[in-house]
Amino acid sequence: MNLIHFVSLGPGKPDLVTLRVLHLLQEADFILCPATKMGSKTGSRAKTVISDLGIEEEKIHTFVLPMSPDRSYAKEAYTNAAETIIAEYRTGKKIVVAAEGDISIYASIHYMMNYIQKKGIAIQQECGIPSFIAATETENFPLILLEERLAVVPGNVSTEELEQYMQTHHTVVIMKLSRCKEAVKEFIRTYPHQYVYRYSENVSVEERFYFTTSPEDILEKDFPYFSILTIAPKRTLLLEED
């Protein structure tokens, strides 16, 4: 059966793409990935990763995904892209749709997946490495241990919610930071040294990567789109010795 594969490209380094995804990209006849437009410039981090893997440029196509809080624009872009994919698929081509990170975590490309499935076409979702997992490489820290709990939240979290998570011994990963900048900074100002903060921008993008654990430095940041913050309880001992 010829499936349409939706694949995860990981956080940015080409060598963090899984072998399964690499093979699908190599075998594909038509690859589609999202791009964004800033002013007069259009760019695609997904396309850059795919190109760096040595995939032929003529196979890679992009569609512009509007960066607007009004999700109707994004849905329209996904619908148009899905129709393009369906037309190519019906000619017998092997189709791959690619997106950064892990496609199962806050990936709005699922609008396209659902649209295609409703047309009776089979799809397959391929996993990847999310940015908050890749960020643990920075200082070799464990995200969670033993009986600890992990919460991954989007950018609509409040200061009160963060307090509740920390009171119940969670490690919290906050994605889409720009949407909750004031709430996060208020929490850090209130608890500057009670918890461990790990802030990252452009994880695994070598020329743009930034990482800090300093609350003071984090408060100075503007929280661009590709930024994440981990808030963790302070540990006195990582693992008990036998």
# chains A, B, ... in the order shown; residues from 1 in each chain; ligands from 1
>>> select_by_dssp(residues="stretch 52-206 of chain A", states="strand (DSSP E)", output="ChimeraX atom specification")
/A:60-64,95-99,123-126,149-153,170-174,195-201
>>> select_by_dssp(residues="stretch 22-128 of chain A", states="alpha helix (DSSP H)", output="ChimeraX atom specification")
/A:22-27,45-52,71-89,110-118
>>> closest_residue(among="A:Val196, A:Val203, A:His169, A:Ala35", to="A:Ile218", atoms="only C-alpha atoms")
A:Val196
>>> closest_atom_pairs(of="stretch 155-236 of chain A", to="stretch 96-112 of chain A", cutoff="12 Å", atoms="only C-alpha atoms", output="tab-separated table")
residue	atom	partner	partner_atom	distance
A:Gly155	CA	A:Tyr106	CA	10.7
A:Ile174	CA	A:Tyr106	CA	11.5
A:Met175	CA	A:Tyr106	CA	8.8
A:Lys176	CA	A:Tyr106	CA	9.4
A:Asn202	CA	A:Gly101	CA	11.2
A:Val203	CA	A:Gly101	CA	10.1
A:Ser204	CA	A:Gly101	CA	10.7
A:Val205	CA	A:Glu100	CA	11.8
A:Phe226	CA	A:Gly101	CA	10.7
>>> write_last_selection(atoms="all heavy atoms", output="PDB file, in the first residue's frame")
ATOM      1  N   GLY A 155       1.956  27.544  25.637  1.00  0.00           N
ATOM      2  CA  GLY A 155       2.192  28.906  26.088  1.00  0.00           C
ATOM      3  C   GLY A 155       1.005  29.632  26.661  1.00  0.00           C
ATOM      4  O   GLY A 155       0.972  30.864  26.638  1.00  0.00           O
ATOM      5  N   ILE A 174       7.925  24.197  29.329  1.00  0.00           N
ATOM      6  CA  ILE A 174       7.014  25.175  28.734  1.00  0.00           C
ATOM      7  C   ILE A 174       7.452  25.433  27.299  1.00  0.00           C
ATOM      8  O   ILE A 174       8.581  25.847  27.042  1.00  0.00           O
ATOM      9  CB  ILE A 174       7.011  26.501  29.513  1.00  0.00           C
ATOM     10  CG1 ILE A 174       6.783  26.253  31.008  1.00  0.00           C
ATOM     11  CG2 ILE A 174       5.922  27.433  28.964  1.00  0.00           C
ATOM     12  CD1 ILE A 174       7.006  27.474  31.861  1.00  0.00           C
ATOM     13  N   MET A 175       6.547  25.178  26.375  1.00  0.00           N
ATOM     14  CA  MET A 175       6.793  25.435  24.967  1.00  0.00           C
ATOM     15  C   MET A 175       5.964  26.639  24.532  1.00  0.00           C
ATOM     16  O   MET A 175       5.045  27.056  25.227  1.00  0.00           O
ATOM     17  CB  MET A 175       6.463  24.196  24.146  1.00  0.00           C
ATOM     18  CG  MET A 175       7.215  22.948  24.632  1.00  0.00           C
ATOM     19  SD  MET A 175       6.878  21.460  23.676  1.00  0.00           S
ATOM     20  CE  MET A 175       7.780  21.820  22.168  1.00  0.00           C
ATOM     21  N   LYS A 176       6.311  27.218  23.379  1.00  0.00           N
ATOM     22  CA  LYS A 176       5.620  28.416  22.883  1.00  0.00           C
ATOM     23  C   LYS A 176       5.680  29.516  23.931  1.00  0.00           C
ATOM     24  O   LYS A 176       4.677  30.153  24.281  1.00  0.00           O
ATOM     25  CB  LYS A 176       4.181  28.082  22.495  1.00  0.00           C
ATOM     26  CG  LYS A 176       4.088  26.934  21.488  1.00  0.00           C
ATOM     27  CD  LYS A 176       2.667  26.660  21.072  1.00  0.00           C
ATOM     28  CE  LYS A 176       2.604  25.498  20.089  1.00  0.00           C
ATOM     29  NZ  LYS A 176       1.249  25.189  19.633  1.00  0.00           N
ATOM     30  N   ASN A 202      16.557  27.789  19.907  1.00  0.00           N
ATOM     31  CA  ASN A 202      17.092  27.140  18.707  1.00  0.00           C
ATOM     32  C   ASN A 202      17.946  25.920  19.040  1.00  0.00           C
ATOM     33  O   ASN A 202      19.104  25.812  18.627  1.00  0.00           O
ATOM     34  CB  ASN A 202      17.901  28.151  17.888  1.00  0.00           C
ATOM     35  CG  ASN A 202      17.056  29.295  17.389  1.00  0.00           C
ATOM     36  OD1 ASN A 202      16.089  29.094  16.660  1.00  0.00           O
ATOM     37  ND2 ASN A 202      17.391  30.507  17.800  1.00  0.00           N
ATOM     38  N   VAL A 203      17.366  25.022  19.802  1.00  0.00           N
ATOM     39  CA  VAL A 203      18.078  23.805  20.209  1.00  0.00           C
ATOM     40  C   VAL A 203      18.586  23.060  18.985  1.00  0.00           C
ATOM     41  O   VAL A 203      17.854  22.852  18.008  1.00  0.00           O
ATOM     42  CB  VAL A 203      17.149  22.893  21.040  1.00  0.00           C
ATOM     43  CG1 VAL A 203      17.821  21.558  21.334  1.00  0.00           C
ATOM     44  CG2 VAL A 203      16.766  23.584  22.338  1.00  0.00           C
ATOM     45  N   SER A 204      19.847  22.677  19.023  1.00  0.00           N
ATOM     46  CA  SER A 204      20.508  21.886  17.981  1.00  0.00           C
ATOM     47  C   SER A 204      20.733  22.654  16.674  1.00  0.00           C
ATOM     48  O   SER A 204      21.124  22.049  15.684  1.00  0.00           O
ATOM     49  CB  SER A 204      19.731  20.590  17.681  1.00  0.00           C
ATOM     50  OG  SER A 204      19.771  19.730  18.803  1.00  0.00           O
ATOM     51  N   VAL A 205      20.483  23.950  16.671  1.00  0.00           N
ATOM     52  CA  VAL A 205      20.845  24.770  15.516  1.00  0.00           C
ATOM     53  C   VAL A 205      22.131  25.495  15.893  1.00  0.00           C
ATOM     54  O   VAL A 205      22.109  26.510  16.575  1.00  0.00           O
ATOM     55  CB  VAL A 205      19.737  25.778  15.159  1.00  0.00           C
ATOM     56  CG1 VAL A 205      20.117  26.591  13.923  1.00  0.00           C
ATOM     57  CG2 VAL A 205      18.418  25.048  14.920  1.00  0.00           C
ATOM     58  N   PHE A 226      11.231  29.822  18.724  1.00  0.00           N
ATOM     59  CA  PHE A 226      11.900  28.551  18.989  1.00  0.00           C
ATOM     60  C   PHE A 226      12.639  28.609  20.333  1.00  0.00           C
ATOM     61  O   PHE A 226      13.866  28.523  20.397  1.00  0.00           O
ATOM     62  CB  PHE A 226      12.869  28.208  17.856  1.00  0.00           C
ATOM     63  CG  PHE A 226      12.180  27.828  16.576  1.00  0.00           C
ATOM     64  CD1 PHE A 226      12.134  28.711  15.507  1.00  0.00           C
ATOM     65  CD2 PHE A 226      11.548  26.603  16.444  1.00  0.00           C
ATOM     66  CE1 PHE A 226      11.489  28.382  14.322  1.00  0.00           C
ATOM     67  CE2 PHE A 226      10.900  26.258  15.267  1.00  0.00           C
ATOM     68  CZ  PHE A 226      10.867  27.147  14.205  1.00  0.00           C
TER      69      PHE A 226
END
>>> closest_residue(among="A:Leu3, A:Ile129, A:Leu32, A:Ile116", to="A:Val17", atoms="only C-alpha atoms")
A:Ile129
>>> atom_distance(atom1="atom CA of A:Thr36", atom2="atom CA of A:Tyr225")
11.6 Å
>>> atom_distance(atom1="atom CA of A:Ile144", atom2="atom CA of A:Gln167")
15.7 Å
>>> residues_around(residues="A:Lys119", least_positions_apart="4", cutoff="10 Å", atoms="only C-alpha atoms", output="mmCIF file with C-alpha atoms, in the first residue's frame")
data_model
loop_
_atom_site.group_PDB
_atom_site.id
_atom_site.type_symbol
_atom_site.label_atom_id
_atom_site.label_comp_id
_atom_site.auth_asym_id
_atom_site.auth_seq_id
_atom_site.Cartn_x
_atom_site.Cartn_y
_atom_site.Cartn_z
ATOM 1 C CA ILE A 86 -3.533 14.462 -2.703
ATOM 2 C CA ASN A 114 -6.976 14.681 9.410
ATOM 3 C CA TYR A 115 -8.055 16.282 6.136
#
>>> closest_residue(among="A:Ala232, A:Ile133, A:Ile4, A:Asn140", to="A:Gly120", atoms="only C-alpha atoms")
A:Ile4
>>> closest_residue(among="A:Leu22, A:Ile228, A:Ser8, A:Phe63", to="A:Tyr78", atoms="only C-alpha atoms")
A:Phe63
>>> closest_residue(among="A:Arg235, A:Ile50, A:Pro14, A:Thr171", to="A:Val153", atoms="only C-alpha atoms")
A:Thr171
>>> closest_residue(among="A:His170, A:Lys221, A:Lys93, A:His5", to="A:Glu182", atoms="only C-alpha atoms")
A:Lys221
>>> residues_around(residues="A:Lys37", least_positions_apart="3", cutoff="9 Å", atoms="only C-alpha atoms", output="PyMOL selection string")
chain A and resi 40-44+64-67
>>> write_last_selection(atoms="N, CA and C atoms", output="short mmCIF file (atom, residue, chain, number, x, y, z; two decimals), in the first residue's frame")
data_model
loop_
_atom_site.label_atom_id
_atom_site.label_comp_id
_atom_site.auth_asym_id
_atom_site.auth_seq_id
_atom_site.Cartn_x
_atom_site.Cartn_y
_atom_site.Cartn_z
N SER A 40 9.58 40.33 3.90
CA SER A 40 9.69 39.90 2.51
C SER A 40 10.46 38.60 2.36
N LYS A 41 10.95 38.04 3.47
CA LYS A 41 11.77 36.84 3.43
C LYS A 41 10.97 35.60 3.82
N THR A 42 11.16 34.54 3.06
CA THR A 42 10.54 33.25 3.36
C THR A 42 11.63 32.24 3.67
N GLY A 43 11.48 31.52 4.78
CA GLY A 43 12.48 30.53 5.16
C GLY A 43 11.83 29.27 5.70
N SER A 44 12.55 28.17 5.64
CA SER A 44 12.04 26.90 6.12
C SER A 44 13.16 26.13 6.80
N VAL A 64 3.78 28.08 2.61
CA VAL A 64 3.90 29.10 3.65
C VAL A 64 2.81 28.92 4.69
N LEU A 65 3.23 28.82 5.94
CA LEU A 65 2.30 28.67 7.06
C LEU A 65 2.21 30.01 7.78
N PRO A 66 1.06 30.68 7.75
CA PRO A 66 0.93 31.99 8.38
C PRO A 66 1.13 31.90 9.90
N MET A 67 1.93 32.81 10.44
CA MET A 67 2.17 32.86 11.88
C MET A 67 1.22 33.90 12.47
#
>>> atom_distance(atom1="atom CA of A:Leu146", atom2="atom CA of A:Gly128")
24.3 Å
